Amino acid sequence: MASKFEFGHNMLQHFALSSEYTNLNHGSFGSVPKPVLEASEKISAQIESNPDAFFRLEYQPLLNAARASVAKLIHAGVDECVLVSNVALGINTVLRNLQWGENDTLITTNVTFDSIARAARHITSTPPYPKSSEFNLSFPSSRSVILTRFREHLRSVKESSPQSPTRKIVAVIDSVLSTPAVLMPWREMVEVCREEGVLSVIDAAHSIGQETDINLMKVSPDFWVSSCCKWLYSKRGCAVLYVPKRNQHLITTSLPTAINYMSPSPDDVFSDFETRFFWCGSNDMTAPLSLTSAVKFRELLGGEERINAYCRQLALDGGKRLAHVLGTHVLESDEHEGEFNTNMVNVELPLSGAIKSTADTARMFQQKLLVEHKVYAAHFYHNGKWYVRASAQIYNEIGDFEKLGVALLEVCKQVGTAHNC
């Protein structure tokens, strides 16, 4: 699809970002394009003109249209997709609907996003105390090594768990890790789970709007949740929860429980799944409804392929330029360059690994980058080294990575001095 939009700094006019700020951290909170904001303001005005008419008569058709737009992107049935406010709520909805037993096991990783890891910890530390298991991921690595080790881990968990007809093993898998930003072989991991009799719960926070070939009908995970306000340009907060029909009987309630909740009936397994998520209390309803305008704007930009081709190439090129400025290297796969990359790139920082990650260190990075240098990308500590995760978006150019590198050289020096390193 041809597009009149030229990517790069020219696109900044279509976003509300401050002209003084260089954003290389789109992956954390996203940024809403002005056309989406304007469409949402019109919906907000429509709501306030007659709240009763909107919520009683007009809201549900608009919500269904938003669900349909996102279902098309991920190749899923509309009746298998509902909208929730964020990925953490979606994952919690799945995990807290499952009926746990003492012989069950919940698998996470050492790099599972913190709020999800803490939810898993809460579940395994309360009755009936299902077991917890951690699959360790250490980078650099490779997709083939991860897959081999993942299957071995699942088999080890199965061998150590008492056999019973009701025993279940549930694995929470990231499609794209947050830190380090790594595109995981999640499709293959879903298949491994299926072969090993393990339920797969995919934390796909960074997938939609960043991966172009999502086909959930084909991959068929047991549960899948993705943020729409990170890479897809919707308002915050909005996420899609995908539950295939075969598993909808497992999700008996939304969180919080919807106003139209009814106890599940053996004769009515699937039909009320969508309605369980229709009205979970008053909220900013313009966020889920912004999906329709967000998807339309992306189509005007040239579609998913064009957007992500630009962002991925810029992430690859920008990562190399950033590493050159810092005098370090890009975190790569052990097998194939670029294998781990989507629209984010990890670059090692010139900072001693002896400096541990603390709240004070994090605040120092944030304060100096955001306030003094007016540029930002996420820093993190992994496998004994410090890294920065830079996100590439259609409003970025290679010079933004150079600006970030210059700022990081100064900040890393200051952090090192503060820690006598």
# chains A, B, ... in the order shown; residues from 1 in each chain; ligands from 1
call {"tool": "residues_around", "arguments": {"residues": "Glu102 (chain A)", "least_positions_apart": "5", "cutoff": "7 Å", "atoms": "only C-alpha atoms", "output": "ChimeraX atom specification"}}
result
/A:128-131
call {"tool": "closest_atom_pairs", "arguments": {"of": "region 338-384 of chain A", "to": "region 132-152 of chain A", "cutoff": "10 Å", "atoms": "only C-alpha atoms", "output": "CSV"}}
result
residue,atom,partner,partner_atom,distance
A:Glu339,CA,A:Arg143,CA,8.0
A:Phe340,CA,A:Arg143,CA,8.2
A:His382,CA,A:Ser138,CA,7.8
A:Asn383,CA,A:Ser138,CA,6.4
call {"tool": "write_last_selection", "arguments": {"atoms": "N, CA, C and O atoms", "output": "short mmCIF file (atom, residue, chain, number, x, y, z; two decimals), in the first residue's frame"}}
result
data_model
loop_
_atom_site.label_atom_id
_atom_site.label_comp_id
_atom_site.auth_asym_id
_atom_site.auth_seq_id
_atom_site.Cartn_x
_atom_site.Cartn_y
_atom_site.Cartn_z
N GLU A 339 19.00 -12.22 14.93
CA GLU A 339 18.00 -13.25 15.23
C GLU A 339 17.08 -12.87 16.38
O GLU A 339 15.90 -13.24 16.41
N PHE A 340 17.61 -12.10 17.32
CA PHE A 340 16.85 -11.73 18.50
C PHE A 340 16.09 -10.41 18.35
O PHE A 340 15.33 -10.02 19.22
N HIS A 382 22.08 -7.47 33.30
CA HIS A 382 21.81 -8.87 32.96
C HIS A 382 23.12 -9.65 32.81
O HIS A 382 24.04 -9.20 32.12
N ASN A 383 23.17 -10.80 33.47
CA ASN A 383 24.30 -11.72 33.31
C ASN A 383 25.64 -11.04 33.57
O ASN A 383 26.62 -11.24 32.84
#
call {"tool": "residues_around", "arguments": {"residues": "His419 (chain A)", "least_positions_apart": "2", "cutoff": "12 Å", "atoms": "only C-alpha atoms", "output": "list of chain:residue names"}}
result
A:Leu351, A:Ser352, A:Gly353, A:Ala354, A:Ile355, A:Lys356, A:Ser357, A:Thr358, A:Asp360, A:Thr361, A:Met364, A:Cys412, A:Lys413, A:Gln414, A:Val415, A:Gly416, A:Thr417, A:Cys421
call {"tool": "residues_around", "arguments": {"residues": "region 270-280 of chain A", "least_positions_apart": "6", "cutoff": "6 Å", "atoms": "only C-alpha atoms", "output": "PyMOL selection string"}}
result
chain A and resi 254+256+258
call {"tool": "select_by_dssp", "arguments": {"residues": "region 383-417 of chain A", "states": "alpha helix (DSSP H)", "output": "VMD selection string"}}
result
chain A and resid 398 to 417
call {"tool": "closest_atom_pairs", "arguments": {"of": "region 19-138 of chain A", "to": "region 226-238 of chain A", "cutoff": "8 Å", "atoms": "only C-alpha atoms", "output": "tab-separated table"}}
result
residue	atom	partner	partner_atom	distance
A:His26	CA	A:Lys230	CA	6.9
A:Gly27	CA	A:Lys230	CA	5.7
A:Ser28	CA	A:Lys230	CA	6.5
A:Phe29	CA	A:Lys230	CA	5.5
A:Gly30	CA	A:Lys230	CA	4.1
A:Ser31	CA	A:Tyr233	CA	6.4
A:Val32	CA	A:Tyr233	CA	5.1
A:Pro33	CA	A:Tyr233	CA	6.6
A:Val36	CA	A:Ser234	CA	7.1
A:Leu37	CA	A:Lys235	CA	7.6
A:Leu83	CA	A:Cys238	CA	6.7
A:Val84	CA	A:Cys238	CA	5.9
A:Ser85	CA	A:Cys238	CA	4.4
A:Asn86	CA	A:Cys238	CA	5.4
A:Val87	CA	A:Ser227	CA	5.8
call {"tool": "write_last_selection", "arguments": {"atoms": "N, CA, C and O atoms", "output": "PDB file, in the first residue's frame"}}
result
ATOM      1  N   HIS A  26      10.146   3.886  23.200  1.00  0.00           N
ATOM      2  CA  HIS A  26       8.755   3.672  22.816  1.00  0.00           C
ATOM      3  C   HIS A  26       8.219   2.354  23.371  1.00  0.00           C
ATOM      4  O   HIS A  26       7.034   2.230  23.663  1.00  0.00           O
ATOM      5  N   GLY A  27       9.102   1.365  23.565  1.00  0.00           N
ATOM      6  CA  GLY A  27       8.677   0.050  24.020  1.00  0.00           C
ATOM      7  C   GLY A  27       8.081   0.017  25.418  1.00  0.00           C
ATOM      8  O   GLY A  27       7.348  -0.913  25.754  1.00  0.00           O
ATOM      9  N   SER A  28       8.373   1.019  26.223  1.00  0.00           N
ATOM     10  CA  SER A  28       7.825   1.010  27.587  1.00  0.00           C
ATOM     11  C   SER A  28       6.382   1.498  27.631  1.00  0.00           C
ATOM     12  O   SER A  28       5.503   0.817  28.159  1.00  0.00           O
ATOM     13  N   PHE A  29       6.142   2.692  27.100  1.00  0.00           N
ATOM     14  CA  PHE A  29       4.823   3.308  27.257  1.00  0.00           C
ATOM     15  C   PHE A  29       4.165   3.697  25.944  1.00  0.00           C
ATOM     16  O   PHE A  29       3.038   4.184  25.936  1.00  0.00           O
ATOM     17  N   GLY A  30       4.854   3.490  24.821  1.00  0.00           N
ATOM     18  CA  GLY A  30       4.302   3.878  23.547  1.00  0.00           C
ATOM     19  C   GLY A  30       4.206   5.384  23.417  1.00  0.00           C
ATOM     20  O   GLY A  30       4.694   6.152  24.251  1.00  0.00           O
ATOM     21  N   SER A  31       3.575   5.831  22.349  1.00  0.00           N
ATOM     22  CA  SER A  31       3.275   7.240  22.134  1.00  0.00           C
ATOM     23  C   SER A  31       2.091   7.288  21.182  1.00  0.00           C
ATOM     24  O   SER A  31       2.113   6.652  20.126  1.00  0.00           O
ATOM     25  N   VAL A  32       1.056   8.018  21.558  1.00  0.00           N
ATOM     26  CA  VAL A  32      -0.179   8.011  20.789  1.00  0.00           C
ATOM     27  C   VAL A  32      -0.115   9.057  19.670  1.00  0.00           C
ATOM     28  O   VAL A  32       0.111  10.242  19.951  1.00  0.00           O
ATOM     29  N   PRO A  33      -0.302   8.666  18.421  1.00  0.00           N
ATOM     30  CA  PRO A  33      -0.306   9.638  17.317  1.00  0.00           C
ATOM     31  C   PRO A  33      -1.446  10.647  17.462  1.00  0.00           C
ATOM     32  O   PRO A  33      -2.513  10.334  18.016  1.00  0.00           O
ATOM     33  N   VAL A  36      -5.007   9.657  16.418  1.00  0.00           N
ATOM     34  CA  VAL A  36      -5.674   8.770  17.374  1.00  0.00           C
ATOM     35  C   VAL A  36      -6.175   9.576  18.569  1.00  0.00           C
ATOM     36  O   VAL A  36      -7.286   9.359  19.059  1.00  0.00           O
ATOM     37  N   LEU A  37      -5.368  10.519  19.025  1.00  0.00           N
ATOM     38  CA  LEU A  37      -5.801  11.387  20.121  1.00  0.00           C
ATOM     39  C   LEU A  37      -7.035  12.192  19.725  1.00  0.00           C
ATOM     40  O   LEU A  37      -7.989  12.332  20.506  1.00  0.00           O
ATOM     41  N   LEU A  83     -10.966  -7.308  25.252  1.00  0.00           N
ATOM     42  CA  LEU A  83     -10.042  -6.230  25.581  1.00  0.00           C
ATOM     43  C   LEU A  83      -9.997  -6.007  27.083  1.00  0.00           C
ATOM     44  O   LEU A  83     -11.031  -5.968  27.745  1.00  0.00           O
ATOM     45  N   VAL A  84      -8.773  -5.878  27.595  1.00  0.00           N
ATOM     46  CA  VAL A  84      -8.537  -5.586  29.010  1.00  0.00           C
ATOM     47  C   VAL A  84      -7.627  -4.371  29.078  1.00  0.00           C
ATOM     48  O   VAL A  84      -7.094  -3.925  28.066  1.00  0.00           O
ATOM     49  N   SER A  85      -7.412  -3.842  30.262  1.00  0.00           N
ATOM     50  CA  SER A  85      -6.693  -2.577  30.361  1.00  0.00           C
ATOM     51  C   SER A  85      -5.182  -2.707  30.204  1.00  0.00           C
ATOM     52  O   SER A  85      -4.525  -1.745  29.794  1.00  0.00           O
ATOM     53  N   ASN A  86      -4.612  -3.865  30.526  1.00  0.00           N
ATOM     54  CA  ASN A  86      -3.168  -4.036  30.350  1.00  0.00           C
ATOM     55  C   ASN A  86      -2.815  -5.522  30.383  1.00  0.00           C
ATOM     56  O   ASN A  86      -3.650  -6.364  30.727  1.00  0.00           O
ATOM     57  N   VAL A  87      -1.571  -5.823  30.027  1.00  0.00           N
ATOM     58  CA  VAL A  87      -1.126  -7.218  29.939  1.00  0.00           C
ATOM     59  C   VAL A  87      -1.132  -7.880  31.310  1.00  0.00           C
ATOM     60  O   VAL A  87      -1.499  -9.058  31.443  1.00  0.00           O
TER      61      VAL A  87
END
